[in-house]
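Here's the structure, in structure tokens; my notes come after.
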Amino acid sequence: MTDPLSQAFAALADPTRRDLVVRLTDGDATVGQLAAPYQVSVQAISKHLKVLEQAGLVSRRAEGHRSPVHLEAEVFDLMTKWIERYRQRAEARYRRLDVVLAELDDEETGHRPTRAEETA
Amino acid sequence: MNGTRTTATIEADPTVPIIRITRDFAATAAQLFRAHTDPELFARWVGPDAMSTTLDHWDARTGGSWRYVSAQDGMEFGFHGCFHEVRPDRIVQTFTWEGDPDGVALETLTFEDLGDGRTRLRTQSLCDSFEARDGWLRSGMEVGVDQGHAKLDALLTAGGIAGTARGAGA
């Protein structure tokens, strides 16, 4: 998995890592602070953070438990943008489908002469 | 999953390589089914605006298969697959882009009658790897439409990566 988007998605496939990311949206925090609410060891949280770091989702100025972990929001913006553009393409396709469906409606109801035309 | 989806909503599942898209239509389930199985109707809406789509082969029955080619400026993109199951409320099919001939996605489409002549279309594309799925998502970049940034919290709702419609009327 070398491409950045795949790495980011893969890193977020884990519920603990997603939880860590959500908590980092409130602001930077140290490994110790991040590990506090969990039943697992600080080392286990450190490992999760390393995965997030390699995926470019978080950064640390230095190794060690006192160095604050920072969320790299741009990566999320990029992921969101890609998904949004894919959505827009699907929406464009469905708008063309809307047009086709409207014509089907006309076929079923509109081609019969109206009462006004019949009596005219 | 209530409320209207007058513009498409999308979800890229973080735990399995799936893309889900939901959209409501002012049409009956039977009409929607027809627009997905009648070759002339299908060819009119499937391809991007700038492309013309030609159906090379089309047998929209359980056990049938399909192939179409979308062309733009002398470039051709071929797609093919098999209809695993075709019935009025559900179509299951495989999907391969011939630019990546070993890749195959499994697509499940359902047509849910919402009453009042409205129908909800749900499509689920299960790709064969996260790389393949994300490659599809990335292909949306080609559209090149510049939109405002979505909010980080929207991305993270419900522990998933869920983009929601923010278009007009949503």
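For the structure tokens, the naming scheme is as follows: chains receive sequential letters (A, B, ...) according to their order of presentation, residues are indexed from 1 within each chain, and ligands are indexed from 1 in presentation order.
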
Using only C-alpha atoms, which protein or nucleic acid residues come within 7 Å of region 47-61 of chain A? Drop anything in the same chain fewer than 3 positions from it, and give the result as a list in words.
Pro4, Gln7, Ala8, Ala11, Arg17, Gln43, Ala44, Ser67, Pro68, Val69, His70, Leu71, Glu72 and Val75 of chain A

Dump as JSON lines the rows for residues of chain A within 7 Å of chain B: closest atom pair and distance in Å with one decimal, only C-alpha atoms counted, ordered by chain and rising residue number.
```
{"residue": "A:Leu5", "atom": "CA", "partner": "B:Asp134", "partner_atom": "CA", "distance": 6.9}
{"residue": "A:Ser6", "atom": "CA", "partner": "B:Glu131", "partner_atom": "CA", "distance": 5.7}
{"residue": "A:Phe9", "atom": "CA", "partner": "B:Pro14", "partner_atom": "CA", "distance": 6.3}
{"residue": "A:Leu12", "atom": "CA", "partner": "B:Pro14", "partner_atom": "CA", "distance": 6.4}
{"residue": "A:Ala13", "atom": "CA", "partner": "B:Thr15", "partner_atom": "CA", "distance": 4.8}
{"residue": "A:Arg18", "atom": "CA", "partner": "B:Gly159", "partner_atom": "CA", "distance": 6.5}
{"residue": "A:Phe76", "atom": "CA", "partner": "B:Leu152", "partner_atom": "CA", "distance": 6.7}
{"residue": "A:Asp77", "atom": "CA", "partner": "B:His149", "partner_atom": "CA", "distance": 6.3}
{"residue": "A:Thr80", "atom": "CA", "partner": "B:Ala150", "partner_atom": "CA", "distance": 6.3}
{"residue": "A:Lys81", "atom": "CA", "partner": "B:His149", "partner_atom": "CA", "distance": 6.8}
{"residue": "A:Trp82", "atom": "CA", "partner": "B:Arg138", "partner_atom": "CA", "distance": 5.6}
{"residue": "A:Ile83", "atom": "CA", "partner": "B:Leu137", "partner_atom": "CA", "distance": 5.8}
{"residue": "A:Glu84", "atom": "CA", "partner": "B:Gly163", "partner_atom": "CA", "distance": 6.5}
{"residue": "A:Arg85", "atom": "CA", "partner": "B:Gly140", "partner_atom": "CA", "distance": 5.0}
{"residue": "A:Tyr86", "atom": "CA", "partner": "B:Gly140", "partner_atom": "CA", "distance": 4.1}
{"residue": "A:Arg87", "atom": "CA", "partner": "B:Ile10", "partner_atom": "CA", "distance": 6.0}
{"residue": "A:Arg89", "atom": "CA", "partner": "B:Gly140", "partner_atom": "CA", "distance": 6.7}
{"residue": "A:Glu91", "atom": "CA", "partner": "B:Ala8", "partner_atom": "CA", "distance": 5.4}
{"residue": "A:Arg93", "atom": "CA", "partner": "B:Val46", "partner_atom": "CA", "distance": 6.2}
{"residue": "A:Arg96", "atom": "CA", "partner": "B:Trp45", "partner_atom": "CA", "distance": 5.0}
{"residue": "A:Leu97", "atom": "CA", "partner": "B:Trp45", "partner_atom": "CA", "distance": 5.3}
{"residue": "A:Asp98", "atom": "CA", "partner": "B:Phe25", "partner_atom": "CA", "distance": 7.0}
{"residue": "A:Val100", "atom": "CA", "partner": "B:Leu41", "partner_atom": "CA", "distance": 6.9}
{"residue": "A:Leu101", "atom": "CA", "partner": "B:Ala27", "partner_atom": "CA", "distance": 6.5}
```

Just list the residues in region 44-80 of chain A DSSP gives strand (DSSP E) on the backbone, as a list in words.
Val58, Ser59, Arg60, Val69, His70 and Leu71 of chain A

Using N, CA, C and O atoms, can you export the residues from the last selection as a PDB file, in the first residue's frame?
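The new file selection-v5.pdb reads:
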```pdb
ATOM      1  N   VAL A  58      -1.468  12.070  11.156  1.00  0.00           N
ATOM      2  CA  VAL A  58      -1.029  12.845  12.324  1.00  0.00           C
ATOM      3  C   VAL A  58       0.471  13.087  12.212  1.00  0.00           C
ATOM      4  O   VAL A  58       1.171  12.409  11.451  1.00  0.00           O
ATOM      5  N   SER A  59       0.958  14.067  12.967  1.00  0.00           N
ATOM      6  CA  SER A  59       2.393  14.328  12.984  1.00  0.00           C
ATOM      7  C   SER A  59       2.852  14.576  14.415  1.00  0.00           C
ATOM      8  O   SER A  59       2.050  14.948  15.271  1.00  0.00           O
ATOM      9  N   ARG A  60       4.124  14.341  14.653  1.00  0.00           N
ATOM     10  CA  ARG A  60       4.737  14.630  15.956  1.00  0.00           C
ATOM     11  C   ARG A  60       6.057  15.328  15.705  1.00  0.00           C
ATOM     12  O   ARG A  60       6.781  14.961  14.787  1.00  0.00           O
ATOM     13  N   VAL A  69       0.814  15.232  19.788  1.00  0.00           N
ATOM     14  CA  VAL A  69       0.425  14.663  18.495  1.00  0.00           C
ATOM     15  C   VAL A  69      -0.534  15.644  17.830  1.00  0.00           C
ATOM     16  O   VAL A  69      -1.470  16.150  18.463  1.00  0.00           O
ATOM     17  N   HIS A  70      -0.298  15.903  16.550  1.00  0.00           N
ATOM     18  CA  HIS A  70      -1.063  16.917  15.824  1.00  0.00           C
ATOM     19  C   HIS A  70      -1.810  16.261  14.650  1.00  0.00           C
ATOM     20  O   HIS A  70      -1.245  15.464  13.916  1.00  0.00           O
ATOM     21  N   LEU A  71      -3.065  16.614  14.501  1.00  0.00           N
ATOM     22  CA  LEU A  71      -3.864  16.057  13.401  1.00  0.00           C
ATOM     23  C   LEU A  71      -3.595  16.837  12.115  1.00  0.00           C
ATOM     24  O   LEU A  71      -3.651  18.065  12.098  1.00  0.00           O
TER      25      LEU A  71
END
```

Tell me, in Å to one decimal, how far CA of Ala71 (chain B) is from CA of Thr54 (chain B).
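According to the coordinates, CA of Ala71 (chain B) and CA of Thr54 (chain B) are separated by 8.2 Å.
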
Separation of CA of Ala10 (chain A) from CA of Thr110 (chain B) in Å
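About the pair CA of Thr110 (chain B) and CA of Ala10 (chain A): they are 28.1 Å apart.
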
Per DSSP on the backbone, filter region 26-84 of chain A down to the residues in helix (DSSP H, G or I) and report them as a PyMOL selection string.
chain A and resi 31-35+42-54+73-84

If you keep N, CA and C atoms, can you produce a file of those selected residues as a PDB file, in the first residue's frame?
```pdb
ATOM      1  N   VAL A  31       0.845  11.441  23.843  1.00  0.00           N
ATOM      2  CA  VAL A  31       0.521  10.011  23.805  1.00  0.00           C
ATOM      3  C   VAL A  31      -0.100   9.583  25.132  1.00  0.00           C
ATOM      4  N   GLY A  32       0.476  10.096  26.222  1.00  0.00           N
ATOM      5  CA  GLY A  32      -0.037   9.756  27.557  1.00  0.00           C
ATOM      6  C   GLY A  32      -1.489  10.178  27.730  1.00  0.00           C
ATOM      7  N   GLN A  33      -1.795  11.405  27.315  1.00  0.00           N
ATOM      8  CA  GLN A  33      -3.174  11.901  27.394  1.00  0.00           C
ATOM      9  C   GLN A  33      -4.112  11.061  26.527  1.00  0.00           C
ATOM     10  N   LEU A  34      -3.632  10.717  25.335  1.00  0.00           N
ATOM     11  CA  LEU A  34      -4.473   9.939  24.416  1.00  0.00           C
ATOM     12  C   LEU A  34      -4.722   8.532  24.948  1.00  0.00           C
ATOM     13  N   ALA A  35      -3.708   7.987  25.624  1.00  0.00           N
ATOM     14  CA  ALA A  35      -3.812   6.600  26.092  1.00  0.00           C
ATOM     15  C   ALA A  35      -4.671   6.482  27.346  1.00  0.00           C
ATOM     16  N   VAL A  42       0.161   2.145  26.967  1.00  0.00           N
ATOM     17  CA  VAL A  42       0.635   3.318  26.224  1.00  0.00           C
ATOM     18  C   VAL A  42       1.371   2.863  24.959  1.00  0.00           C
ATOM     19  N   GLN A  43       2.097   1.726  25.086  1.00  0.00           N
ATOM     20  CA  GLN A  43       2.832   1.207  23.916  1.00  0.00           C
ATOM     21  C   GLN A  43       1.868   0.851  22.776  1.00  0.00           C
ATOM     22  N   ALA A  44       0.733   0.272  23.146  1.00  0.00           N
ATOM     23  CA  ALA A  44      -0.245  -0.110  22.115  1.00  0.00           C
ATOM     24  C   ALA A  44      -0.781   1.138  21.418  1.00  0.00           C
ATOM     25  N   ILE A  45      -1.049   2.182  22.199  1.00  0.00           N
ATOM     26  CA  ILE A  45      -1.527   3.444  21.613  1.00  0.00           C
ATOM     27  C   ILE A  45      -0.433   4.061  20.740  1.00  0.00           C
ATOM     28  N   SER A  46       0.801   3.966  21.215  1.00  0.00           N
ATOM     29  CA  SER A  46       1.940   4.450  20.432  1.00  0.00           C
ATOM     30  C   SER A  46       1.997   3.779  19.061  1.00  0.00           C
ATOM     31  N   LYS A  47       1.741   2.479  19.044  1.00  0.00           N
ATOM     32  CA  LYS A  47       1.761   1.729  17.779  1.00  0.00           C
ATOM     33  C   LYS A  47       0.672   2.244  16.830  1.00  0.00           C
ATOM     34  N   HIS A  48      -0.516   2.458  17.389  1.00  0.00           N
ATOM     35  CA  HIS A  48      -1.613   2.995  16.578  1.00  0.00           C
ATOM     36  C   HIS A  48      -1.230   4.364  16.001  1.00  0.00           C
ATOM     37  N   LEU A  49      -0.618   5.181  16.846  1.00  0.00           N
ATOM     38  CA  LEU A  49      -0.227   6.526  16.390  1.00  0.00           C
ATOM     39  C   LEU A  49       0.821   6.449  15.290  1.00  0.00           C
ATOM     40  N   LYS A  50       1.696   5.453  15.387  1.00  0.00           N
ATOM     41  CA  LYS A  50       2.721   5.286  14.363  1.00  0.00           C
ATOM     42  C   LYS A  50       2.066   4.982  13.004  1.00  0.00           C
ATOM     43  N   VAL A  51       1.034   4.151  13.037  1.00  0.00           N
ATOM     44  CA  VAL A  51       0.316   3.830  11.785  1.00  0.00           C
ATOM     45  C   VAL A  51      -0.321   5.097  11.211  1.00  0.00           C
ATOM     46  N   LEU A  52      -0.960   5.885  12.099  1.00  0.00           N
ATOM     47  CA  LEU A  52      -1.594   7.135  11.648  1.00  0.00           C
ATOM     48  C   LEU A  52      -0.550   8.110  11.101  1.00  0.00           C
ATOM     49  N   GLU A  53       0.623   8.109  11.752  1.00  0.00           N
ATOM     50  CA  GLU A  53       1.706   9.003  11.334  1.00  0.00           C
ATOM     51  C   GLU A  53       2.224   8.598   9.954  1.00  0.00           C
ATOM     52  N   GLN A  54       2.410   7.283   9.761  1.00  0.00           N
ATOM     53  CA  GLN A  54       2.911   6.804   8.465  1.00  0.00           C
ATOM     54  C   GLN A  54       1.919   7.091   7.345  1.00  0.00           C
ATOM     55  N   ALA A  73      -5.104  17.890   9.181  1.00  0.00           N
ATOM     56  CA  ALA A  73      -6.473  17.975   8.646  1.00  0.00           C
ATOM     57  C   ALA A  73      -6.516  17.985   7.113  1.00  0.00           C
ATOM     58  N   GLU A  74      -5.419  18.418   6.474  1.00  0.00           N
ATOM     59  CA  GLU A  74      -5.438  18.521   4.997  1.00  0.00           C
ATOM     60  C   GLU A  74      -5.678  17.161   4.352  1.00  0.00           C
ATOM     61  N   VAL A  75      -5.128  16.111   4.976  1.00  0.00           N
ATOM     62  CA  VAL A  75      -5.311  14.780   4.409  1.00  0.00           C
ATOM     63  C   VAL A  75      -6.795  14.424   4.384  1.00  0.00           C
ATOM     64  N   PHE A  76      -7.493  14.797   5.456  1.00  0.00           N
ATOM     65  CA  PHE A  76      -8.929  14.516   5.509  1.00  0.00           C
ATOM     66  C   PHE A  76      -9.671  15.334   4.465  1.00  0.00           C
ATOM     67  N   ASP A  77      -9.232  16.575   4.303  1.00  0.00           N
ATOM     68  CA  ASP A  77      -9.843  17.423   3.276  1.00  0.00           C
ATOM     69  C   ASP A  77      -9.704  16.781   1.902  1.00  0.00           C
ATOM     70  N   LEU A  78      -8.518  16.241   1.661  1.00  0.00           N
ATOM     71  CA  LEU A  78      -8.254  15.616   0.370  1.00  0.00           C
ATOM     72  C   LEU A  78      -9.160  14.399   0.179  1.00  0.00           C
ATOM     73  N   MET A  79      -9.242  13.550   1.205  1.00  0.00           N
ATOM     74  CA  MET A  79     -10.091  12.362   1.118  1.00  0.00           C
ATOM     75  C   MET A  79     -11.545  12.764   0.877  1.00  0.00           C
ATOM     76  N   THR A  80     -11.974  13.772   1.634  1.00  0.00           N
ATOM     77  CA  THR A  80     -13.362  14.221   1.510  1.00  0.00           C
ATOM     78  C   THR A  80     -13.621  14.765   0.116  1.00  0.00           C
ATOM     79  N   LYS A  81     -12.646  15.486  -0.400  1.00  0.00           N
ATOM     80  CA  LYS A  81     -12.794  16.079  -1.729  1.00  0.00           C
ATOM     81  C   LYS A  81     -12.921  14.994  -2.796  1.00  0.00           C
ATOM     82  N   TRP A  82     -12.099  13.973  -2.657  1.00  0.00           N
ATOM     83  CA  TRP A  82     -12.162  12.903  -3.651  1.00  0.00           C
ATOM     84  C   TRP A  82     -13.520  12.208  -3.606  1.00  0.00           C
ATOM     85  N   ILE A  83     -13.974  11.941  -2.412  1.00  0.00           N
ATOM     86  CA  ILE A  83     -15.265  11.271  -2.275  1.00  0.00           C
ATOM     87  C   ILE A  83     -16.380  12.167  -2.803  1.00  0.00           C
ATOM     88  N   GLU A  84     -16.293  13.465  -2.491  1.00  0.00           N
ATOM     89  CA  GLU A  84     -17.316  14.405  -2.934  1.00  0.00           C
ATOM     90  C   GLU A  84     -17.356  14.494  -4.461  1.00  0.00           C
TER      91      GLU A  84
END
```

Grab the CA of Arg67 (chain B) to CA of Glu103 (chain A) distance for me, in Å with one decimal place.
25.0 Å
